[in-house]
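This is target_18.txt (compact mmCIF, C-alpha atoms (C1' of nucleotides)).
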# COMPACT_ATOMS: atom_id res chain seq x y z
CA MET A 1197 7.60 138.64 28.44
CA ASN A 1198 7.11 140.50 25.22
CA GLN A 1199 6.04 144.08 25.83
CA PRO A 1200 5.31 145.66 22.43
CA SER A 1201 7.85 148.23 21.39
CA PRO A 1202 6.84 151.88 21.10
CA LEU A 1203 8.81 151.86 17.84
CA LEU A 1204 6.36 149.36 16.37
CA THR A 1205 3.20 151.21 17.32
CA GLN A 1206 4.70 154.43 16.10
CA PHE A 1207 5.73 152.79 12.84
CA PHE A 1208 2.23 151.66 11.96
CA GLN A 1209 0.72 154.97 12.99
CA GLN A 1210 2.75 156.61 10.25
CA HIS A 1211 0.07 155.47 7.86
CA PRO A 1212 -2.85 157.90 7.84
CA ALA A 1213 -5.47 155.15 7.81
CA ILE A 1214 -4.20 153.48 10.98
CA THR A 1215 -5.48 154.79 14.30
CA PRO A 1216 -3.39 154.52 17.51
CA PRO A 1217 -5.50 151.69 18.99
CA LYS A 1218 -5.30 149.70 15.75
CA ALA A 1219 -1.56 150.30 15.63
CA GLY A 1220 -1.29 148.84 19.11
CA GLU A 1221 -3.39 145.87 18.10
CA ILE A 1222 -1.13 145.21 15.14
CA ALA A 1223 2.09 145.75 17.07
CA ALA A 1224 0.99 143.27 19.73
CA LEU A 1225 1.37 140.40 17.27
CA PHE A 1226 5.03 141.09 16.58
CA ILE A 1227 7.61 139.18 18.51
CA ARG A 1228 11.01 140.38 19.55
CA LYS A 1229 13.91 138.65 17.85
CA GLU A 1230 17.65 139.09 18.07
CA PHE A 1231 20.13 138.55 15.27
CA SER A 1232 23.72 138.38 16.29
CA LYS A 1233 26.37 139.75 14.00
CA ASN A 1234 26.86 137.82 10.76
CA THR A 1235 23.81 135.61 11.21
CA PHE A 1236 21.21 135.44 8.47
CA LEU A 1237 17.65 136.65 8.57
CA LEU A 1238 17.25 134.92 5.20
CA SER A 1239 19.45 132.55 3.23
CA GLU A 1240 19.40 131.84 -0.47
CA GLY A 1241 17.12 128.91 -1.27
CA LYS A 1242 14.92 129.34 1.80
CA VAL A 1243 11.45 130.83 1.85
CA ASN A 1244 11.36 134.15 3.67
CA ASP A 1245 8.89 133.80 6.53
CA ASP A 1246 9.98 136.76 8.65
CA TYR A 1247 8.56 140.22 8.20
CA VAL A 1248 10.87 142.22 10.43
CA LEU A 1249 10.97 145.76 11.70
CA LEU A 1250 14.49 146.59 12.83
CA GLU A 1251 14.75 148.23 16.22
CA CYS A 1252 18.50 148.60 16.17
CA GLY A 1253 21.50 147.27 14.30
CA PHE A 1254 22.24 147.10 10.62
CA MET A 1255 21.55 144.55 7.90
CA ARG A 1256 22.47 143.99 4.28
CA ALA A 1257 20.83 142.04 1.47
CA TYR A 1258 22.91 140.53 -1.30
CA THR A 1259 22.89 138.03 -4.09
CA TYR A 1260 25.37 136.69 -6.63
CA ASP A 1261 25.77 137.69 -10.25
CA LEU A 1262 26.43 135.26 -13.10
CA ASP A 1263 30.16 135.34 -12.43
CA GLY A 1264 29.67 134.48 -8.79
CA ASN A 1265 30.39 137.95 -7.42
CA GLU A 1266 28.42 139.25 -4.47
CA VAL A 1267 26.11 142.14 -5.28
CA THR A 1268 24.62 144.11 -2.40
CA THR A 1269 20.99 144.85 -3.14
CA GLY A 1270 20.08 146.79 -0.03
CA PHE A 1271 20.99 148.13 3.38
CA TYR A 1272 18.59 148.28 6.29
CA GLY A 1273 18.88 150.37 9.46
CA ALA A 1274 16.76 150.95 12.57
CA GLY A 1275 13.13 151.74 11.84
CA GLN A 1276 13.13 149.94 8.51
CA LEU A 1277 11.18 146.90 7.40
CA VAL A 1278 13.33 143.97 6.35
CA PHE A 1279 11.99 141.19 4.15
CA GLU A 1280 12.18 139.97 0.58
CA PRO A 1281 8.80 140.60 -1.06
CA SER A 1282 9.08 138.03 -3.82
CA SER A 1283 10.01 135.13 -1.57
CA PHE A 1284 7.78 136.24 1.27
CA PHE A 1285 4.57 136.76 -0.67
CA ASN A 1286 5.00 134.13 -3.36
CA ARG A 1287 6.33 131.55 -0.89
CA THR A 1288 9.20 130.83 -3.22
CA PRO A 1289 12.87 130.15 -2.45
CA SER A 1290 14.81 133.37 -2.08
CA LYS A 1291 17.59 134.35 -4.44
CA GLU A 1292 18.85 136.81 -1.86
CA ASN A 1293 20.59 136.59 1.46
CA ILE A 1294 19.88 139.01 4.25
CA GLN A 1295 22.60 139.19 6.86
CA ALA A 1296 23.05 141.11 10.09
CA ILE A 1297 26.11 143.34 9.72
CA ASN A 1298 26.20 143.75 13.48
CA ASP A 1299 24.10 142.67 16.44
CA CYS A 1300 20.50 143.49 15.71
CA VAL A 1301 17.18 143.55 17.52
CA GLY A 1302 13.94 143.44 15.57
CA TRP A 1303 10.27 142.62 15.76
CA HIS A 1304 8.92 139.94 13.49
CA ILE A 1305 5.74 138.32 12.33
CA THR A 1306 5.18 135.31 10.09
CA PHE A 1307 3.53 135.21 6.67
CA GLU A 1308 0.51 133.47 8.10
CA GLN A 1309 0.03 136.01 10.85
CA LEU A 1310 0.52 138.89 8.49
CA ASN A 1311 -2.12 137.50 6.16
CA HIS A 1312 -4.40 137.05 9.13
CA LEU A 1313 -3.98 140.74 9.90
CA PHE A 1314 -4.56 141.65 6.27
CA HIS A 1315 -7.85 139.81 6.24
CA LEU A 1316 -8.86 141.28 9.56
CA LEU A 1317 -7.94 144.92 9.11
CA PRO A 1318 -8.62 146.68 5.80
CA GLU A 1319 -6.50 149.62 6.91
CA PHE A 1320 -3.56 147.34 7.47
CA ARG A 1321 -3.95 146.04 3.94
CA GLU A 1322 -3.53 149.61 2.75
CA PHE A 1323 -0.45 149.82 4.87
CA GLY A 1324 0.95 146.64 3.36
CA ARG A 1325 0.31 147.91 -0.11
CA SER A 1326 1.94 151.22 0.63
CA ILE A 1327 5.06 149.36 1.74
CA LEU A 1328 5.26 147.61 -1.62
CA VAL A 1329 4.60 150.80 -3.54
CA LYS A 1330 7.27 152.57 -1.52
CA GLY A 1331 9.70 149.79 -2.36
CA LEU A 1332 8.91 150.12 -6.04
CA THR A 1333 9.31 153.89 -5.96
CA SER A 1334 12.65 153.83 -4.25
CA LEU A 1335 13.96 151.08 -6.50
CA LYS A 1336 12.88 153.12 -9.52
CA GLN A 1337 14.71 156.05 -8.05
CA ARG A 1338 17.83 153.98 -7.63
CA MET A 1339 17.48 152.75 -11.19
CA LEU A 1340 17.40 156.32 -12.49
CA SER A 1341 20.40 157.16 -10.41
CA MET A 1342 22.27 154.21 -11.94
CA ILE A 1343 21.33 155.40 -15.42
CA ASN A 1344 22.10 159.05 -15.28
CA GLU A 1345 24.43 159.78 -12.43
CA THR A 1346 28.14 159.11 -12.25
CA ALA A 1347 29.43 156.70 -9.64
CA GLU A 1348 30.78 159.68 -7.74
CA GLU A 1349 27.38 161.34 -7.63
CA ARG A 1350 25.74 158.12 -6.49
CA TYR A 1351 28.28 157.76 -3.72
CA SER A 1352 27.91 161.35 -2.55
CA ARG A 1353 24.17 161.03 -2.51
CA LEU A 1354 24.27 157.81 -0.53
CA MET A 1355 26.71 159.31 1.95
CA GLN A 1356 24.43 162.27 2.46
CA SER A 1357 21.19 160.36 2.74
CA ASN A 1358 22.48 157.36 4.71
CA PRO A 1359 25.72 158.38 6.41
CA GLU A 1360 25.38 155.51 8.88
CA ILE A 1361 26.01 153.04 6.08
CA MET A 1362 29.57 154.32 5.84
CA GLN A 1363 30.28 153.35 9.42
CA GLN A 1364 28.57 150.00 9.22
CA ALA A 1365 29.29 148.46 5.85
CA SER A 1366 32.56 147.57 4.22
CA LEU A 1367 33.86 149.35 1.15
CA LYS A 1368 33.26 146.31 -0.99
CA HIS A 1369 29.62 146.07 0.00
CA ILE A 1370 28.98 149.72 -0.62
CA ALA A 1371 30.78 149.52 -3.96
CA SER A 1372 28.69 146.61 -5.22
CA TYR A 1373 25.56 148.43 -4.08
CA LEU A 1374 26.63 151.42 -6.16
CA GLY A 1375 27.42 149.20 -9.13
CA ILE A 1376 31.17 149.70 -9.16
CA THR A 1377 34.24 147.84 -7.90
CA ASP A 1378 35.83 148.45 -4.54
CA THR A 1379 38.89 149.77 -6.36
CA SER A 1380 36.89 152.46 -8.10
CA LEU A 1381 35.12 153.43 -4.91
CA SER A 1382 38.43 153.80 -3.15
CA ARG A 1383 39.54 156.22 -5.89
CA ILE A 1384 36.30 158.13 -5.76
CA ARG A 1385 36.76 158.57 -2.03
CA LYS A 1386 40.22 159.91 -2.65
CA GLU A 1387 38.92 162.39 -5.21
CA LEU A 1388 36.20 163.60 -2.88
CA SER A 1389 38.62 164.03 0.01
CA LYS A 1390 40.88 166.08 -2.29
CA LYS A 1391 37.90 168.32 -2.94
CA GLY A 1392 37.51 168.57 0.81
CA MET A 1393 34.36 166.52 1.25
CA MET B 139 -21.68 148.17 -26.32
CA ASN B 140 -18.80 146.88 -24.28
CA GLN B 141 -18.44 143.11 -24.58
CA PRO B 142 -15.67 142.04 -22.15
CA SER B 143 -12.53 140.87 -23.89
CA PRO B 144 -11.44 137.22 -23.63
CA LEU B 145 -7.95 138.62 -23.06
CA LEU B 146 -9.10 140.21 -19.81
CA THR B 147 -10.78 137.14 -18.39
CA GLN B 148 -7.82 135.05 -19.38
CA PHE B 149 -5.45 137.54 -17.79
CA PHE B 150 -7.09 137.38 -14.38
CA GLN B 151 -7.38 133.62 -14.52
CA GLN B 152 -3.61 133.43 -14.63
CA HIS B 153 -3.68 133.90 -10.88
CA PRO B 154 -4.29 130.57 -9.13
CA ALA B 155 -6.75 132.02 -6.63
CA ILE B 156 -9.09 133.43 -9.26
CA THR B 157 -11.77 131.11 -10.64
CA PRO B 158 -13.17 131.55 -14.17
CA PRO B 159 -16.49 133.01 -12.99
CA LYS B 160 -14.72 135.50 -10.71
CA ALA B 161 -12.42 136.44 -13.57
CA GLY B 162 -15.45 137.21 -15.70
CA GLU B 163 -16.95 139.27 -12.91
CA ILE B 164 -13.78 141.30 -12.62
CA ALA B 165 -13.31 141.69 -16.37
CA ALA B 166 -16.86 143.00 -16.74
CA LEU B 167 -15.91 146.20 -14.93
CA PHE B 168 -13.20 147.12 -17.38
CA ILE B 169 -14.01 149.49 -20.20
CA ARG B 170 -12.50 149.49 -23.63
CA LYS B 171 -10.36 152.51 -24.43
CA GLU B 172 -8.36 153.51 -27.48
CA PHE B 173 -5.15 155.49 -27.48
CA SER B 174 -4.04 156.82 -30.80
CA LYS B 175 -0.38 157.05 -31.63
CA ASN B 176 1.59 159.59 -29.59
CA THR B 177 -1.23 160.32 -27.16
CA PHE B 178 -0.63 160.00 -23.43
CA LEU B 179 -2.13 157.54 -21.03
CA LEU B 180 -0.48 159.57 -18.27
CA SER B 181 1.26 162.94 -18.26
CA GLU B 182 3.75 164.27 -15.76
CA GLY B 183 2.01 166.17 -12.98
CA LYS B 184 -1.33 164.35 -13.33
CA VAL B 185 -2.64 161.67 -11.03
CA ASN B 186 -2.76 158.27 -12.72
CA ASP B 187 -6.37 157.11 -12.58
CA ASP B 188 -6.24 154.45 -15.30
CA TYR B 189 -5.33 150.86 -14.60
CA VAL B 190 -5.00 149.53 -18.13
CA LEU B 191 -4.54 146.13 -19.67
CA LEU B 192 -3.20 146.53 -23.19
CA GLU B 193 -4.97 144.48 -25.84
CA CYS B 194 -2.78 145.61 -28.71
CA GLY B 195 -0.30 148.31 -29.53
CA PHE B 196 2.80 149.47 -27.73
CA MET B 197 3.50 152.02 -25.03
CA ARG B 198 6.49 153.55 -23.35
CA ALA B 199 6.98 155.24 -19.98
CA TYR B 200 9.58 157.92 -19.52
CA THR B 201 10.73 160.70 -17.27
CA TYR B 202 13.44 163.35 -17.31
CA ASP B 203 16.77 163.27 -15.51
CA LEU B 204 18.34 166.24 -13.76
CA ASP B 205 19.85 167.50 -17.01
CA GLY B 206 16.52 167.38 -18.78
CA ASN B 207 17.19 164.27 -20.83
CA GLU B 208 14.43 161.79 -21.45
CA VAL B 209 14.91 158.45 -19.73
CA THR B 210 12.72 155.56 -20.79
CA THR B 211 11.61 153.64 -17.73
CA GLY B 212 9.55 150.94 -19.36
CA PHE B 213 7.98 149.42 -22.45
CA TYR B 214 4.56 147.81 -22.49
CA GLY B 215 3.13 145.45 -25.10
CA ALA B 216 -0.10 143.53 -25.57
CA GLY B 217 -1.17 141.53 -22.53
CA GLN B 218 0.64 143.80 -20.09
CA LEU B 219 -0.75 146.01 -17.36
CA VAL B 220 0.06 149.67 -17.75
CA PHE B 221 -0.08 152.08 -14.81
CA GLU B 222 2.25 153.95 -12.49
CA PRO B 223 1.93 152.38 -9.03
CA SER B 224 3.15 155.33 -7.02
CA SER B 225 0.84 157.88 -8.59
CA PHE B 226 -2.06 155.48 -8.91
CA PHE B 227 -2.12 154.15 -5.36
CA ASN B 228 -0.87 157.19 -3.50
CA ARG B 229 -3.02 159.56 -5.57
CA THR B 230 -0.01 161.77 -6.14
CA PRO B 231 1.10 163.65 -9.27
CA SER B 232 3.10 161.42 -11.57
CA LYS B 233 6.73 162.04 -12.37
CA GLU B 234 6.41 159.83 -15.40
CA ASN B 235 4.76 160.07 -18.77
CA ILE B 236 3.21 157.08 -20.45
CA GLN B 237 2.76 157.46 -24.17
CA ALA B 238 1.31 155.29 -26.92
CA ILE B 239 4.08 154.52 -29.40
CA ASN B 240 1.46 153.48 -31.91
CA ASP B 241 -2.31 153.08 -31.98
CA CYS B 242 -3.37 151.08 -28.96
CA VAL B 243 -6.47 149.41 -27.60
CA GLY B 244 -6.75 148.64 -23.92
CA TRP B 245 -9.19 147.93 -21.11
CA HIS B 246 -9.21 150.26 -18.16
CA ILE B 247 -10.67 150.71 -14.73
CA THR B 248 -10.44 153.64 -12.33
CA PHE B 249 -8.78 153.74 -8.93
CA GLU B 250 -12.15 153.88 -7.21
CA GLN B 251 -13.49 150.87 -9.06
CA LEU B 252 -10.33 148.91 -8.49
CA ASN B 253 -10.52 149.59 -4.78
CA HIS B 254 -14.14 148.55 -4.82
CA LEU B 255 -13.06 145.23 -6.34
CA PHE B 256 -10.28 144.88 -3.78
CA HIS B 257 -12.74 145.28 -0.92
CA LEU B 258 -15.21 142.94 -2.53
CA LEU B 259 -12.98 140.07 -3.64
CA PRO B 260 -10.19 138.85 -1.38
CA GLU B 261 -8.76 136.80 -4.24
CA PHE B 262 -8.49 139.89 -6.38
CA ARG B 263 -6.55 141.58 -3.60
CA GLU B 264 -4.05 138.76 -3.84
CA PHE B 265 -3.91 139.35 -7.53
CA GLY B 266 -3.27 143.06 -7.04
CA ARG B 267 -0.50 142.30 -4.60
CA SER B 268 1.10 139.82 -6.93
CA ILE B 269 1.21 142.50 -9.63
CA LEU B 270 3.16 144.79 -7.32
CA VAL B 271 5.47 142.02 -6.22
CA LYS B 272 6.07 141.07 -9.84
CA GLY B 273 6.94 144.67 -10.61
CA LEU B 274 9.41 144.75 -7.76
CA THR B 275 11.01 141.51 -8.83
CA SER B 276 11.49 142.50 -12.43
CA LEU B 277 12.82 145.92 -11.47
CA LYS B 278 15.29 144.25 -9.14
CA GLN B 279 16.31 142.01 -12.00
CA ARG B 280 16.84 145.00 -14.24
CA MET B 281 18.87 146.66 -11.49
CA LEU B 282 21.17 143.64 -11.29
CA SER B 283 21.53 143.66 -15.02
CA MET B 284 22.54 147.32 -14.90
CA ILE B 285 25.11 146.55 -12.24
CA ASN B 286 26.81 143.51 -13.59
CA GLU B 287 26.20 143.22 -17.28
CA THR B 288 27.77 145.22 -20.06
CA ALA B 289 25.58 147.40 -22.23
CA GLU B 290 26.00 144.86 -25.00
CA GLU B 291 24.76 142.03 -22.79
CA ARG B 292 21.79 144.10 -21.68
CA TYR B 293 20.91 144.86 -25.26
CA SER B 294 21.19 141.24 -26.39
CA ARG B 295 19.05 140.10 -23.51
CA LEU B 296 16.38 142.68 -24.25
CA MET B 297 16.39 141.77 -27.92
CA GLN B 298 15.92 138.12 -27.06
CA SER B 299 13.24 138.58 -24.43
CA ASN B 300 11.30 141.40 -26.12
CA PRO B 301 12.13 141.38 -29.82
CA GLU B 302 9.01 143.37 -30.60
CA ILE B 303 10.50 146.39 -28.84
CA MET B 304 13.06 146.63 -31.62
CA GLN B 305 10.39 147.11 -34.23
CA GLN B 306 8.32 149.53 -32.18
CA ALA B 307 10.65 151.83 -30.31
CA SER B 308 13.29 154.19 -31.58
CA LEU B 309 16.97 153.66 -30.97
CA LYS B 310 17.10 156.60 -28.59
CA HIS B 311 14.31 155.24 -26.44
CA ILE B 312 15.85 151.80 -26.25
CA ALA B 313 19.23 153.31 -25.47
CA SER B 314 17.96 155.39 -22.58
CA TYR B 315 16.12 152.33 -21.26
CA LEU B 316 19.42 150.45 -21.31
CA GLY B 317 21.23 153.31 -19.62
CA ILE B 318 23.44 154.29 -22.54
CA THR B 319 23.42 156.88 -25.32
CA ASP B 320 21.96 156.28 -28.75
CA THR B 321 25.48 156.58 -30.18
CA SER B 322 26.74 153.74 -28.05
CA LEU B 323 23.78 151.58 -28.89
CA SER B 324 24.36 152.14 -32.56
CA ARG B 325 27.94 150.91 -32.13
CA ILE B 326 26.85 147.93 -30.10
CA ARG B 327 24.45 146.98 -32.87
CA LYS B 328 27.28 147.19 -35.34
CA GLU B 329 29.46 144.97 -33.18
CA LEU B 330 26.72 142.39 -32.83
CA SER B 331 26.00 142.37 -36.55
CA LYS B 332 29.71 141.80 -37.18
CA LYS B 333 29.48 138.78 -34.93
CA GLY B 334 26.54 137.67 -37.03
CA MET B 335 23.73 138.25 -34.53
C1' DC C 208 10.03 165.50 -57.17
C1' DT C 209 12.37 168.40 -53.79
C1' DA C 210 13.14 170.26 -49.45
C1' DC C 211 12.83 169.34 -44.67
C1' DT C 212 13.06 166.74 -40.51
C1' DT C 213 14.03 162.93 -37.94
C1' DT C 214 16.61 158.88 -37.12
C1' DC C 215 20.60 156.33 -37.35
C1' DT C 216 25.58 155.75 -38.17
C1' DT C 217 30.40 156.93 -37.86
C1' DG C 218 34.79 159.45 -36.62
C1' DT C 219 37.72 161.46 -33.17
C1' DC C 220 39.05 162.20 -28.75
C1' DA C 221 38.54 162.33 -23.65
C1' DA C 222 36.87 160.50 -19.32
C1' DA C 223 35.26 156.78 -16.37
C1' DT C 224 35.77 152.36 -14.96
C1' DG C 225 37.53 147.58 -14.72
C1' DA C 226 41.15 143.91 -14.34
C1' DC C 227 45.05 142.66 -12.13
C1' DA C 228 48.76 142.98 -9.03
C1' DA C 229 51.27 144.85 -5.22
C1' DG C 230 51.52 147.14 -0.94
C1' DC C 231 49.97 148.78 3.56
C1' DA C 232 47.36 148.81 7.85
C1' DA C 233 44.42 146.89 11.21
C1' DT C 234 42.71 143.01 13.39
C1' DC C 235 42.57 138.20 14.74
C1' DT C 236 44.72 133.79 15.94
C1' DT C 237 47.76 130.99 18.07
C1' DA D 965 55.11 138.39 19.32
C1' DA D 966 54.71 136.03 14.65
C1' DG D 967 51.94 134.82 11.24
C1' DA D 968 47.63 134.94 8.85
C1' DT D 969 43.57 137.25 7.33
C1' DT D 970 40.91 140.99 5.94
C1' DG D 971 39.98 145.54 4.30
C1' DC D 972 41.60 149.49 1.94
C1' DT D 973 44.69 151.96 -1.24
C1' DT D 974 47.48 152.64 -5.30
C1' DG D 975 49.83 151.79 -9.88
C1' DT D 976 49.52 150.38 -14.68
C1' DC D 977 47.10 149.51 -18.59
C1' DA D 978 43.05 148.13 -21.48
C1' DT D 979 38.19 148.65 -22.41
C1' DT D 980 33.86 150.84 -22.35
C1' DT D 981 31.31 154.66 -22.81
C1' DG D 982 30.32 159.59 -23.50
C1' DA D 983 30.58 164.21 -25.84
C1' DC D 984 30.54 166.41 -29.93
C1' DA D 985 30.30 166.85 -34.76
C1' DA D 986 29.43 165.39 -39.36
C1' DG D 987 27.34 162.59 -42.62
C1' DA D 988 24.01 159.00 -44.53
C1' DA D 989 19.38 157.19 -44.72
C1' DA D 990 14.65 157.19 -44.29
C1' DG D 991 10.36 159.20 -43.74
C1' DT D 992 7.15 163.59 -44.28
C1' DA D 993 5.25 167.57 -46.21
C1' DG D 994 4.75 170.85 -49.73
Let me see the structure of the file written as structure tokens.
Amino acid sequence: MNQPSPLLTQFFQQHPAITPPKAGEIAALFIRKEFSKNTFLLSEGKVNDDYVLLECGFMRAYTYDLDGNEVTTGFYGAGQLVFEPSSFFNRTPSKENIQAINDCVGWHITFEQLNHLFHLLPEFREFGRSILVKGLTSLKQRMLSMINETAEERYSRLMQSNPEIMQQASLKHIASYLGITDTSLSRIRKELSKKGM
Amino acid sequence: MNQPSPLLTQFFQQHPAITPPKAGEIAALFIRKEFSKNTFLLSEGKVNDDYVLLECGFMRAYTYDLDGNEVTTGFYGAGQLVFEPSSFFNRTPSKENIQAINDCVGWHITFEQLNHLFHLLPEFREFGRSILVKGLTSLKQRMLSMINETAEERYSRLMQSNPEIMQQASLKHIASYLGITDTSLSRIRKELSKKGM
DNA sequence: CTACTTTCTTGTCAAATGACAAGCAATCTT
DNA sequence: AAGATTGCTTGTCATTTGACAAGAAAGTAG
């Protein structure tokens, strides 16, 4: 009923400490789950109990600023892990929403099962830690880009590194992810197209 | 020669899973280390092998942007952990520098010893994870503040939450941490003092 | 004390971005 | 098909911030 996905096994094997058989063992605990377009993997106020690897589809995380405006905090495509570390690990209500931008298929595991795996397999603990460290690193990177790049540079970079976002997400979502308004992003696009990009 | 600091024991006891005796056991492995003003806990290109709890003094982490300008990525005061997760856990050369702003005293442990503790004490693993999650959460918070607060709001907030930074760090360092130039920060200060703050 | 260096402030001007409003195009609903 | 909704673009204008340069203030060394 639930044949483990090759994507999953492959994903865990990426970590040097995890051998193919162990990867299979880990993958076997994940369960297939579908998210139809616009449904939520996580809603504000709930505790995140899904640790999901996306097989296909596209998701977006967002929260609200003090003025009540949506701010997109992340985009997630196929082959990426989707969960909110703070809510998931601290078992606290989430401040973020994670929503399927289109129909998605993923593989998920609960907090309890994940912890079980952590206790069982030291190499999987390393894997879990590397996920957190990777998250920190990329967030730091994004921070630097907010500090010393122009909005236009940030947009170009995002377009180059994640072109699929452009097809999946709306202008407004991308703009708030880049820290600007949709109006500004529209103008930046215009400028770039003038320059033939 | 190396009586464990009450600060250390207390620090580890903050985590609910760590009992007082365990906290003492953990603290005992840390070694006192002094950093005189302007010396580096970590230099760009080196692998971070110190996991340090600051007892007193003040430190700052920084890196360079594409144009060669210094960007301050963090400030650390007494009672805070100082290390660079990516370099420390991945054993990769650091892109950041961590420098003592004034004479500091801290307690440190090496990567190897920390891992030893992780393998030995499941509750300390939880602690280690919570440190990473906390880092992620506060970085995310700072990201949001960059996106939807004005420079003036960011400055006020920093002044309120970490007033000691104002006495320790230079205007330029604070400015680059806030994502603005020292000139702008000087003007913002002026504005705020006009308003009587 | 004086010269030097570093840090902070201020002036002027230009560029980037936001706020707000209107318009257009595509899609959805009935 | 008509109307409504949503997403994107554009215009106008104000505000924030940066770049650059000069000056004031404070700390450091001789």
> In terms of the shortest atom-to-atom distance over only C-alpha atoms, which of A:Gly1270, A:Asn1298, A:Gln1209, A:Ser1366 is closest to Leu1335 in chain A?
Replying inline: A:Gly1270
>> Taking only C-alpha atoms into account, find every residue of chain B that has an atom no more than 6 Å from chain A, and write it out as a VMD selection string.
In response: chain B and resid 224 271 274 285 317
> What separation in Å, quoted to one decimal, exists between CA of Leu1203 in chain A and CA of Gly1275 in chain A?
Replying inline: 7.4 Å
How close does chain A get to chain D? List, as a tab-separated table, each residue of chain A within 9 Å, its nearest atom pair and the distance in Å to one decimal, counting all atoms listed in the file.
residue	atom	partner	partner_atom	distance
A:Ser1366	CA	D:DG971	C1'	7.7
A:Leu1367	CA	D:DC972	C1'	7.8
A:Lys1368	CA	D:DG971	C1'	8.6
A:Asp1378	CA	D:DC972	C1'	8.7
A:Thr1379	CA	D:DT973	C1'	8.0
A:Ser1382	CA	D:DT973	C1'	6.8
A:Arg1383	CA	D:DT973	C1'	8.1
Create the file for the chosen residues now, containing C-alpha atoms and written as a PDB file, in the coordinates of the input.
ATOM      1  CA  SER A1366      32.560 147.570   4.220  1.00  0.00           C
ATOM      2  CA  LEU A1367      33.860 149.350   1.150  1.00  0.00           C
ATOM      3  CA  LYS A1368      33.260 146.310  -0.990  1.00  0.00           C
ATOM      4  CA  ASP A1378      35.830 148.450  -4.540  1.00  0.00           C
ATOM      5  CA  THR A1379      38.890 149.770  -6.360  1.00  0.00           C
ATOM      6  CA  SER A1382      38.430 153.800  -3.150  1.00  0.00           C
ATOM      7  CA  ARG A1383      39.540 156.220  -5.890  1.00  0.00           C
TER       8      ARG A1383
END
> By how many Å are CA of Val185 in chain B and CA of Glu172 in chain B apart?
Replying inline: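 Going from CA of Val185 in chain B over to CA of Glu172 in chain B covers 19.2 Å.
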>> When you count only C-alpha atoms, which of these residues is closest to Leu1381 in chain A: A:Lys1233, A:Arg1228, A:Lys1242, A:Arg1350?
In response: A:Arg1350
>> From the options A:Ser1352, A:Met1255, A:Ser1232, A:Thr1346, which residue's atoms come nearest to chain C, counting all atoms listed in the file?
In response: A:Thr1346
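Taking CA of Arg198 in chain B and CA of Ile326 in chain B as endpoints, the distance between them is 22.2 Å.
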>> The residues within 10 Å of (8.7, 147.8, -33.5), using all atoms listed in the file and the coordinates of the file, should be reported as an NGL selection string; which are they?
In response: :B and (195-196 or 239-240 or 301-308)
Deliver the residues from the most recent selection as a file, using C-alpha atoms, as a PDB file, in the coordinates of the input.
ATOM      1  CA  GLY B 195      -0.300 148.310 -29.530  1.00  0.00           C
ATOM      2  CA  PHE B 196       2.800 149.470 -27.730  1.00  0.00           C
ATOM      3  CA  ILE B 239       4.080 154.520 -29.400  1.00  0.00           C
ATOM      4  CA  ASN B 240       1.460 153.480 -31.910  1.00  0.00           C
ATOM      5  CA  PRO B 301      12.130 141.380 -29.820  1.00  0.00           C
ATOM      6  CA  GLU B 302       9.010 143.370 -30.600  1.00  0.00           C
ATOM      7  CA  ILE B 303      10.500 146.390 -28.840  1.00  0.00           C
ATOM      8  CA  MET B 304      13.060 146.630 -31.620  1.00  0.00           C
ATOM      9  CA  GLN B 305      10.390 147.110 -34.230  1.00  0.00           C
ATOM     10  CA  GLN B 306       8.320 149.530 -32.180  1.00  0.00           C
ATOM     11  CA  ALA B 307      10.650 151.830 -30.310  1.00  0.00           C
ATOM     12  CA  SER B 308      13.290 154.190 -31.580  1.00  0.00           C
TER      13      SER B 308
END
> For chain C, which residue out of B:Lys332, B:Ser299, B:Arg327, B:Glu234 is the nearest one, using only C-alpha atoms (C1' of nucleotides)?
Replying inline: B:Arg327
>> Calculated over all atoms listed in the file, which of the candidates A:Glu1240, A:Glu1266, A:Glu1308, A:Glu1348 has the smallest distance to chain C?
In response: A:Glu1348
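The residues of chain C lying at most 12 Å from chain A, with all atoms listed in the file taken into account, are C:DA222, C:DA223, C:DT224, C:DG225, C:DA226, C:DC227.
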>> I'd like the contact shell of Glu1221 in chain A - 12 Å cut-off, all atoms listed in the file, skipping same-chain residues fewer than 5 positions apart - returned as a count of residues only.
In response: 15
>> Using only C-alpha atoms (C1' of nucleotides) and a cutoff of 10 Å, can you tell me which residues are near (10.6, 143.7, 14.1) in the file's coordinates, and write them out as a list in words?
In response: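 So the residues meeting the distance criterion are Ser1201, Leu1203, Leu1204, Ala1223, Phe1226, Ile1227, Arg1228, Lys1229, Glu1230, Asp1246, Tyr1247, Val1248, Leu1249, Leu1250, Glu1251, Cys1252, Ala1274, Gly1275, Gln1276, Leu1277, Val1278, Val1301, Gly1302, Trp1303, His1304 and Ile1305 of chain A.
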Given 6 Å on each side, where is the centre and what are the edge lengths in Å to one decimal of the axis-aligned box enclosing the listed atoms of range 1291-1308 of chain A, as JSON?
{"center_x": 13.4, "center_y": 138.6, "center_z": 6.5, "size_x": 37.7, "size_y": 22.3, "size_z": 34.0}
> Any idea what's packed within 10 Å of Ser1239 in chain A, counting all atoms listed in the file, ignoring anything in its chain fewer than 4 positions away? Could you give it as a list of chain:residue names?
Replying inline: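 So the residues in contact are A:Thr1235, A:Val1243, A:Asn1244, A:Ala1257, A:Tyr1258, A:Thr1259, A:Pro1289, A:Ser1290, A:Lys1291, A:Glu1292, A:Asn1293, A:Ile1294, A:Gln1295.
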